[in-house]
>>> print(open('input.cif').read())   # mmCIF, C-alpha atoms and all ligand atoms
data_entry
loop_
_atom_site.group_PDB
_atom_site.id
_atom_site.type_symbol
_atom_site.label_atom_id
_atom_site.label_comp_id
_atom_site.auth_asym_id
_atom_site.auth_seq_id
_atom_site.Cartn_x
_atom_site.Cartn_y
_atom_site.Cartn_z
ATOM 1 C CA MET A 1 177.558 -21.696 103.503
ATOM 2 C CA ALA A 2 175.753 -18.362 103.044
ATOM 3 C CA ALA A 3 176.187 -15.750 105.801
ATOM 4 C CA ARG A 4 173.398 -15.394 108.348
ATOM 5 C CA ALA A 5 170.789 -13.033 106.941
ATOM 6 C CA LEU A 6 168.939 -10.255 108.751
ATOM 7 C CA TRP A 7 165.874 -8.334 107.519
ATOM 8 C CA ILE A 8 165.457 -4.848 109.003
ATOM 9 C CA THR A 9 162.355 -2.716 108.521
ATOM 10 C CA GLY A 10 163.002 0.984 108.980
ATOM 11 C CA GLY A 11 166.554 0.132 107.893
ATOM 12 C CA GLY A 12 167.211 3.383 106.021
ATOM 13 C CA SER A 13 167.466 5.691 109.030
ATOM 14 C CA GLY A 14 167.896 6.073 112.776
ATOM 15 C CA MET A 15 168.148 2.881 114.808
ATOM 16 C CA GLY A 16 167.473 0.629 111.804
ATOM 17 C CA ARG A 17 170.454 2.106 109.939
ATOM 18 C CA SER A 18 172.781 1.723 112.960
ATOM 19 C CA ILE A 19 171.589 -1.849 113.529
ATOM 20 C CA ALA A 20 172.310 -2.623 109.858
ATOM 21 C CA MET A 21 175.847 -1.207 110.113
ATOM 22 C CA SER A 22 176.547 -3.105 113.321
ATOM 23 C CA ALA A 23 175.130 -6.425 112.074
ATOM 24 C CA ALA A 24 176.977 -6.146 108.750
ATOM 25 C CA ALA A 25 180.233 -5.492 110.626
ATOM 26 C CA ALA A 26 179.518 -8.659 112.652
ATOM 27 C CA GLY A 27 179.231 -10.693 109.431
ATOM 28 C CA TRP A 28 175.473 -10.735 108.836
ATOM 29 C CA ALA A 29 174.118 -10.157 105.323
ATOM 30 C CA VAL A 30 171.428 -7.501 105.702
ATOM 31 C CA ALA A 31 168.253 -6.671 103.781
ATOM 32 C CA LEU A 32 166.807 -3.217 104.393
ATOM 33 C CA SER A 33 163.199 -2.149 103.983
ATOM 34 C CA GLY A 34 161.519 1.246 104.163
ATOM 35 C CA ARG A 35 159.631 3.520 101.782
ATOM 36 C CA ARG A 36 162.493 5.887 100.834
ATOM 37 C CA ARG A 37 164.638 4.039 98.317
ATOM 38 C CA ASP A 38 167.411 6.685 98.392
ATOM 39 C CA GLN A 39 167.835 6.223 102.153
ATOM 40 C CA LEU A 40 168.070 2.437 101.772
ATOM 41 C CA ASP A 41 170.519 2.738 98.863
ATOM 42 C CA GLY A 42 172.709 5.040 100.968
ATOM 43 C CA VAL A 43 172.998 2.464 103.767
ATOM 44 C CA VAL A 44 173.577 -0.368 101.263
ATOM 45 C CA ALA A 45 176.405 1.669 99.684
ATOM 46 C CA GLU A 46 178.015 2.350 103.097
ATOM 47 C CA ILE A 47 177.915 -1.350 104.013
ATOM 48 C CA THR A 48 179.193 -2.655 100.681
ATOM 49 C CA ALA A 49 181.995 -0.030 100.703
ATOM 50 C CA SER A 50 183.237 -1.547 103.954
ATOM 51 C CA GLY A 51 183.134 -5.087 102.558
ATOM 52 C CA GLY A 52 179.732 -6.158 103.897
ATOM 53 C CA THR A 53 176.686 -7.608 102.136
ATOM 54 C CA ALA A 54 173.478 -5.579 101.924
ATOM 55 C CA ILE A 55 170.443 -5.337 99.678
ATOM 56 C CA ALA A 56 167.544 -2.875 99.568
ATOM 57 C CA LEU A 57 163.964 -4.136 99.554
ATOM 58 C CA PRO A 58 161.938 -0.918 99.360
ATOM 59 C CA LEU A 59 158.337 -1.234 100.519
ATOM 60 C CA ASP A 60 155.572 0.195 102.613
ATOM 61 C CA VAL A 61 155.220 -2.226 105.523
ATOM 62 C CA ARG A 62 151.430 -1.666 105.474
ATOM 63 C CA ASP A 63 151.277 -3.280 102.003
ATOM 64 C CA ARG A 64 150.794 -7.004 102.681
ATOM 65 C CA GLU A 65 151.547 -8.126 99.109
ATOM 66 C CA ALA A 66 154.756 -6.089 99.044
ATOM 67 C CA VAL A 67 155.842 -7.662 102.356
ATOM 68 C CA VAL A 68 155.271 -11.212 101.071
ATOM 69 C CA GLU A 69 157.059 -10.416 97.797
ATOM 70 C CA ALA A 70 160.022 -8.819 99.610
ATOM 71 C CA GLU A 71 160.413 -11.896 101.801
ATOM 72 C CA ARG A 72 160.543 -14.071 98.664
ATOM 73 C CA ARG A 73 163.157 -11.807 97.102
ATOM 74 C CA LEU A 74 165.225 -11.875 100.267
ATOM 75 C CA LEU A 75 165.257 -15.676 100.212
ATOM 76 C CA ASP A 76 166.208 -15.690 96.509
ATOM 77 C CA GLU A 77 169.056 -13.247 97.000
ATOM 78 C CA LEU A 78 170.435 -14.143 100.435
ATOM 79 C CA GLY A 79 169.410 -17.810 100.618
ATOM 80 C CA ARG A 80 168.182 -17.838 104.229
ATOM 81 C CA LEU A 81 166.617 -15.689 106.944
ATOM 82 C CA ASP A 82 168.008 -15.910 110.474
ATOM 83 C CA GLY A 83 166.962 -12.633 112.012
ATOM 84 C CA LEU A 84 164.377 -9.917 111.855
ATOM 85 C CA VAL A 85 164.507 -6.405 113.287
ATOM 86 C CA LEU A 86 161.184 -4.552 113.176
ATOM 87 C CA ALA A 87 162.024 -0.875 113.507
ATOM 88 C CA ALA A 88 159.489 0.753 111.143
ATOM 89 C CA GLY A 89 157.280 2.963 113.293
ATOM 90 C CA LEU A 90 155.009 5.981 113.246
ATOM 91 C CA ASN A 91 153.640 8.631 115.604
ATOM 92 C CA ALA A 92 151.988 12.021 115.022
ATOM 93 C CA PRO A 93 152.089 15.409 116.756
ATOM 94 C CA ARG A 94 148.335 15.376 117.419
ATOM 95 C CA ARG A 95 148.206 12.508 119.847
ATOM 96 C CA ARG A 96 145.657 13.346 122.554
ATOM 97 C CA TRP A 97 141.990 12.287 122.540
ATOM 98 C CA ALA A 98 141.086 15.970 122.200
ATOM 99 C CA ASP A 99 143.024 16.596 118.987
ATOM 100 C CA GLN A 100 143.851 13.268 117.310
ATOM 101 C CA GLU A 101 142.615 12.586 113.773
ATOM 102 C CA PHE A 102 141.028 9.145 113.568
ATOM 103 C CA ALA A 103 142.633 8.471 110.170
ATOM 104 C CA GLU A 104 146.024 9.134 111.763
ATOM 105 C CA PHE A 105 145.177 6.809 114.660
ATOM 106 C CA GLU A 106 144.489 4.061 112.117
ATOM 107 C CA GLN A 107 147.764 4.636 110.267
ATOM 108 C CA ILE A 108 149.809 4.549 113.483
ATOM 109 C CA VAL A 109 148.198 1.265 114.544
ATOM 110 C CA ALA A 110 148.557 -0.076 110.990
ATOM 111 C CA THR A 111 152.291 0.706 111.008
ATOM 112 C CA ASN A 112 153.285 -0.120 114.593
ATOM 113 C CA LEU A 113 151.090 -3.160 115.201
ATOM 114 C CA VAL A 114 149.473 -4.603 112.072
ATOM 115 C CA ALA A 115 152.502 -4.207 109.793
ATOM 116 C CA THR A 116 154.866 -5.553 112.459
ATOM 117 C CA THR A 117 152.643 -8.625 112.676
ATOM 118 C CA SER A 118 152.539 -8.869 108.875
ATOM 119 C CA VAL A 119 156.343 -8.963 108.538
ATOM 120 C CA LEU A 120 156.689 -11.460 111.398
ATOM 121 C CA ASP A 121 154.005 -13.654 109.841
ATOM 122 C CA ALA A 122 155.665 -13.603 106.408
ATOM 123 C CA ALA A 123 159.092 -14.385 107.878
ATOM 124 C CA LEU A 124 158.030 -17.068 110.356
ATOM 125 C CA PRO A 125 158.455 -20.201 108.181
ATOM 126 C CA ASP A 126 162.027 -19.174 107.362
ATOM 127 C CA LEU A 127 162.793 -18.144 110.936
ATOM 128 C CA ARG A 128 161.651 -21.611 112.000
ATOM 129 C CA ALA A 129 163.958 -23.223 109.447
ATOM 130 C CA ALA A 130 166.886 -21.171 110.776
ATOM 131 C CA HIS A 131 165.945 -21.292 114.490
ATOM 132 C CA GLY A 132 165.993 -17.537 114.117
ATOM 133 C CA VAL A 133 165.452 -14.487 116.263
ATOM 134 C CA ALA A 134 163.176 -11.443 115.970
ATOM 135 C CA VAL A 135 163.796 -8.102 117.662
ATOM 136 C CA VAL A 136 160.653 -5.999 117.890
ATOM 137 C CA ILE A 137 161.566 -2.345 118.421
ATOM 138 C CA SER A 138 158.787 -1.212 120.713
ATOM 139 C CA SER A 139 159.183 1.748 123.062
ATOM 140 C CA TYR A 140 159.519 2.830 126.661
ATOM 141 C CA ALA A 141 155.803 3.591 126.151
ATOM 142 C CA GLY A 142 155.306 -0.084 125.320
ATOM 143 C CA TRP A 143 156.850 -1.042 128.659
ATOM 144 C CA THR A 144 155.363 1.515 131.030
ATOM 145 C CA PHE A 145 152.753 4.206 130.596
ATOM 146 C CA GLN A 146 154.133 7.448 129.162
ATOM 147 C CA PRO A 147 151.536 10.244 129.282
ATOM 148 C CA GLY A 148 153.049 12.162 126.349
ATOM 149 C CA ALA A 149 153.419 9.266 123.921
ATOM 150 C CA GLY A 150 149.915 9.479 122.483
ATOM 151 C CA VAL A 151 146.741 7.401 122.328
ATOM 152 C CA ALA A 152 147.573 5.419 119.189
ATOM 153 C CA TYR A 153 151.300 5.117 119.857
ATOM 154 C CA SER A 154 150.862 3.891 123.448
ATOM 155 C CA ALA A 155 148.148 1.418 122.504
ATOM 156 C CA SER A 156 150.010 0.023 119.494
ATOM 157 C CA LYS A 157 153.416 -0.247 121.194
ATOM 158 C CA THR A 158 151.937 -1.817 124.345
ATOM 159 C CA ALA A 159 150.348 -4.469 122.145
ATOM 160 C CA LEU A 160 153.797 -5.475 120.881
ATOM 161 C CA ALA A 161 154.556 -6.953 124.314
ATOM 162 C CA SER A 162 151.690 -9.421 123.844
ATOM 163 C CA LEU A 163 152.735 -10.128 120.286
ATOM 164 C CA VAL A 164 156.227 -11.098 121.464
ATOM 165 C CA ARG A 165 154.949 -13.163 124.392
ATOM 166 C CA THR A 166 152.552 -15.205 122.254
ATOM 167 C CA LEU A 167 155.275 -15.741 119.669
ATOM 168 C CA ASN A 168 157.715 -16.940 122.310
ATOM 169 C CA GLN A 169 155.135 -19.159 123.952
ATOM 170 C CA GLN A 170 153.953 -20.785 120.711
ATOM 171 C CA GLU A 171 157.113 -20.854 118.597
ATOM 172 C CA ALA A 172 159.723 -21.999 121.138
ATOM 173 C CA GLU A 173 159.135 -25.564 119.958
ATOM 174 C CA HIS A 174 160.356 -24.456 116.510
ATOM 175 C CA GLY A 175 163.413 -22.694 117.928
ATOM 176 C CA VAL A 176 162.127 -19.164 117.218
ATOM 177 C CA ARG A 177 162.889 -16.442 119.795
ATOM 178 C CA ALA A 178 161.667 -12.870 120.011
ATOM 179 C CA CYS A 179 162.661 -9.822 122.057
ATOM 180 C CA HIS A 180 160.418 -6.911 123.031
ATOM 181 C CA LEU A 181 162.978 -4.112 122.952
ATOM 182 C CA CYS A 182 161.861 -0.894 124.628
ATOM 183 C CA PRO A 183 164.070 2.124 124.017
ATOM 184 C CA GLY A 184 163.721 5.355 125.958
ATOM 185 C CA ASP A 185 164.450 8.630 124.149
ATOM 186 C CA VAL A 186 166.806 8.209 121.195
ATOM 187 C CA ALA A 187 168.136 11.160 119.182
ATOM 188 C CA THR A 188 166.750 10.362 115.719
ATOM 189 C CA ASP A 189 164.446 11.995 113.149
ATOM 190 C CA PHE A 190 161.531 10.294 114.928
ATOM 191 C CA LEU A 191 161.537 13.195 117.420
ATOM 192 C CA THR A 192 160.221 15.551 114.707
ATOM 193 C CA GLN A 193 156.849 13.809 115.191
ATOM 194 C CA ARG A 194 156.546 15.250 118.725
ATOM 195 C CA PRO A 195 154.252 18.216 119.382
ATOM 196 C CA ALA A 196 157.313 20.058 120.789
ATOM 197 C CA VAL A 197 160.430 18.967 118.911
ATOM 198 C CA PRO A 198 163.416 18.587 121.306
ATOM 199 C CA ASP A 199 166.317 20.994 120.747
ATOM 200 C CA ALA A 200 170.016 20.127 120.545
ATOM 201 C CA ALA A 201 170.485 20.377 124.322
ATOM 202 C CA ALA A 202 167.630 17.934 124.962
ATOM 203 C CA ARG A 203 168.930 15.549 122.306
ATOM 204 C CA SER A 204 172.439 15.604 123.766
ATOM 205 C CA VAL A 205 171.300 13.653 126.854
ATOM 206 C CA MET A 206 169.336 11.054 124.874
ATOM 207 C CA LEU A 207 170.521 7.648 123.681
ATOM 208 C CA THR A 208 172.168 7.422 120.282
ATOM 209 C CA PRO A 209 171.058 4.938 117.604
ATOM 210 C CA GLU A 210 174.391 3.180 118.196
ATOM 211 C CA ASP A 211 173.431 2.540 121.845
ATOM 212 C CA ILE A 212 170.386 0.618 120.607
ATOM 213 C CA ALA A 213 172.393 -1.162 117.899
ATOM 214 C CA ARG A 214 174.740 -2.488 120.600
ATOM 215 C CA ALA A 215 171.788 -3.917 122.553
ATOM 216 C CA VAL A 216 170.258 -5.448 119.422
ATOM 217 C CA GLN A 217 173.565 -7.022 118.432
ATOM 218 C CA PHE A 218 173.695 -8.729 121.836
ATOM 219 C CA VAL A 219 170.266 -10.266 121.162
ATOM 220 C CA LEU A 220 171.113 -11.260 117.579
ATOM 221 C CA ASP A 221 174.361 -12.947 118.532
ATOM 222 C CA ALA A 222 173.024 -14.828 121.570
ATOM 223 C CA PRO A 223 173.294 -18.627 121.182
ATOM 224 C CA ALA A 224 170.198 -20.374 119.777
ATOM 225 C CA HIS A 225 169.127 -21.652 123.212
ATOM 226 C CA VAL A 226 169.126 -18.136 124.715
ATOM 227 C CA ARG A 227 166.022 -15.956 124.577
ATOM 228 C CA VAL A 228 166.055 -12.307 125.641
ATOM 229 C CA ASP A 229 162.342 -11.773 126.271
ATOM 230 C CA GLU A 230 162.411 -8.054 126.962
ATOM 231 C CA LEU A 231 165.031 -5.319 127.084
ATOM 232 C CA VAL A 232 164.433 -1.790 128.360
ATOM 233 C CA VAL A 233 167.233 0.603 127.431
ATOM 234 C CA SER A 234 166.975 4.221 128.497
ATOM 235 C CA PRO A 235 169.178 7.260 128.992
ATOM 236 C CA ILE A 236 169.791 7.925 132.680
ATOM 237 C CA SER A 237 167.833 11.163 132.276
ATOM 238 C CA GLN A 238 164.634 9.264 131.279
ATOM 239 C CA THR A 239 161.590 10.131 133.371
HETATM 240 N N1 LIG A 301 163.517 7.899 118.660
HETATM 241 C C1 LIG A 301 162.953 7.557 119.801
HETATM 242 O O1 LIG A 301 163.026 8.287 120.813
HETATM 243 C C2 LIG A 301 162.242 6.239 119.918
HETATM 244 C C3 LIG A 301 162.021 5.744 121.214
HETATM 245 C C4 LIG A 301 161.394 4.510 121.369
HETATM 246 C C5 LIG A 301 161.026 3.778 120.258
HETATM 247 N N2 LIG A 301 161.238 4.286 119.003
HETATM 248 C C6 LIG A 301 160.872 3.437 117.878
HETATM 249 O O2 LIG A 301 162.048 3.107 117.175
HETATM 250 C C7 LIG A 301 161.723 2.747 115.827
HETATM 251 C C8 LIG A 301 162.742 3.387 114.887
HETATM 252 O O3 LIG A 301 162.616 4.791 114.964
HETATM 253 P P1 LIG A 301 163.867 5.776 114.919
HETATM 254 O O4 LIG A 301 163.882 6.498 116.222
HETATM 255 O O5 LIG A 301 165.079 5.062 114.456
HETATM 256 O O6 LIG A 301 163.365 6.878 113.862
HETATM 257 P P2 LIG A 301 163.387 6.958 112.269
HETATM 258 O O7 LIG A 301 164.754 7.181 111.776
HETATM 259 O O8 LIG A 301 162.350 7.976 111.927
HETATM 260 O O9 LIG A 301 162.916 5.503 111.821
HETATM 261 C C9 LIG A 301 161.608 5.138 111.513
HETATM 262 C C10 LIG A 301 161.707 4.235 110.294
HETATM 263 O O10 LIG A 301 160.440 3.660 110.009
HETATM 264 C C11 LIG A 301 160.291 3.609 108.616
HETATM 265 N N3 LIG A 301 158.868 3.561 108.293
HETATM 266 C C12 LIG A 301 157.883 4.335 108.808
HETATM 267 N N4 LIG A 301 156.704 4.032 108.224
HETATM 268 C C13 LIG A 301 156.971 3.040 107.322
HETATM 269 C C14 LIG A 301 156.171 2.330 106.407
HETATM 270 N N5 LIG A 301 154.846 2.547 106.291
HETATM 271 N N6 LIG A 301 156.761 1.395 105.612
HETATM 272 C C15 LIG A 301 158.090 1.164 105.719
HETATM 273 N N7 LIG A 301 158.899 1.799 106.577
HETATM 274 C C16 LIG A 301 158.341 2.738 107.372
HETATM 275 C C17 LIG A 301 160.949 4.899 108.108
HETATM 276 O O11 LIG A 301 161.378 4.774 106.764
HETATM 277 P P3 LIG A 301 160.606 5.471 105.515
HETATM 278 O O12 LIG A 301 160.109 6.814 106.010
HETATM 279 O O13 LIG A 301 161.636 5.563 104.452
HETATM 280 O O14 LIG A 301 159.498 4.530 105.164
HETATM 281 C C18 LIG A 301 162.140 5.021 109.041
HETATM 282 O O15 LIG A 301 163.291 4.410 108.498
HETATM 283 C C19 LIG A 301 160.271 3.183 115.634
HETATM 284 O O16 LIG A 301 159.468 2.025 115.645
HETATM 285 C C20 LIG A 301 159.963 4.044 116.842
HETATM 286 O O17 LIG A 301 158.603 3.939 117.223
HETATM 287 C C21 LIG A 301 161.839 5.500 118.822
#
>>> encode(input="input.cif", output="structure tokens")
Amino acid sequence: MAARALWITGGGSGMGRSIAMSAAAAGWAVALSGRRRDQLDGVVAEITASGGTAIALPLDVRDREAVVEAERRLLDELGRLDGLVLAAGLNAPRRRWADQEFAEFEQIVATNLVATTSVLDAALPDLRAAHGVAVVISSYAGWTFQPGAGVAYSASKTALASLVRTLNQQEAEHGVRACHLCPGDVATDFLTQRPAVPDAAARSVMLTPEDIARAVQFVLDAPAHVRVDELVVSPISQT
């Protein structure tokens, strides 16, 4: 029988990359999506070099047709879909009402909320067939109000809690489970989108992508009757 298959958006960097490495080491076949093909190919090469199975499905998650096509390709190549990790996300340095660009607001909501829904929607029939699990990488700002996170980011990440709750409420009868995973500060490239980019000292007290991968692996490997509704994981320095 084919190995359990996991689709990861944002799989070429940061948390998505670490989750891919961890899941592949645990025996999952992984499919990685993101816009930068070279990043995806790099992770695929690392996984295959250590004996795992990985494919790249480059796409922009905001492109609905590309999402539907990628899901078809995943099924063709890996034969099944048991898990989904939605890590593609966006923020911007200008994030206050006083200085935000409306076009940027729309792109952040399109990436964090609409595209996350699009991938879940495309994957749902196959997740039902597999009694699968989805891990939605939200944010500490999606769990509790964070004044610095930004208008669009806070609104779009907070909405992911509702997305997960409705999915769990309506899809339990089909065996589908979802987790609203809310990381605090994690030392990744994402921090370059802050108005004041944290220095090495600030990053040294943050979580690592591997810390989040460990939490995600726990959710992915939970038995099919176990649902982890929400997980908040933060560095002890988080305020
Ligand atoms: N770092 C933190 O402190 C932190 C805290 C809480 C939550 N988060 C969330 O964690 C998730 C992962 O972020 P990270 O920290 O691991 O940073 P990251 O390395 O910058 O990851 C973000 C990923 O999203 C992908 N992405 C962005 N827009 C996309 C699009 N339109 N289509 C396809 N892929 C897209 C990027 O790939 P391409 O650029 O190649 O498309 C990239 O791989 C994000 O959702 C973020 O909001 C981060």
>>> atom_distance(input="input.cif", atom1="CA of Ala161 (chain A)", atom2="CA of Tyr140 (chain A)")
11.2 Å
>>> closest_residue(input="input.cif", among="A:Val228, A:Ala3, A:Ala178, A:Leu32", to="ligand LIG 301 (chain A)", atoms="all atoms listed in the file")
A:Leu32
>>> atom_distance(input="input.cif", atom1="atom O15 of ligand LIG 301 (chain A)", atom2="CA of Gln238 (chain A)")
23.3 Å
>>> atom_distance(input="input.cif", atom1="CA of Gln107 (chain A)", atom2="CA of Arg73 (chain A)")
26.1 Å
>>> closest_residue(input="input.cif", among="A:Leu113, A:Ala92, A:Leu74, A:Ala201", to="Gly142 (chain A)", atoms="only C-alpha atoms")
A:Leu113
>>> resolve_selection(input="input.cif", expression="the PyMOL selection byres (((chain A and resi 183) around 8) and not hetatm)", output="list in words")
Ile137, Ser138, Ser139, Tyr140, Leu181, Cys182, Gly184, Asp185, Val186, Ile212, Val232, Val233 and Ser234 of chain A
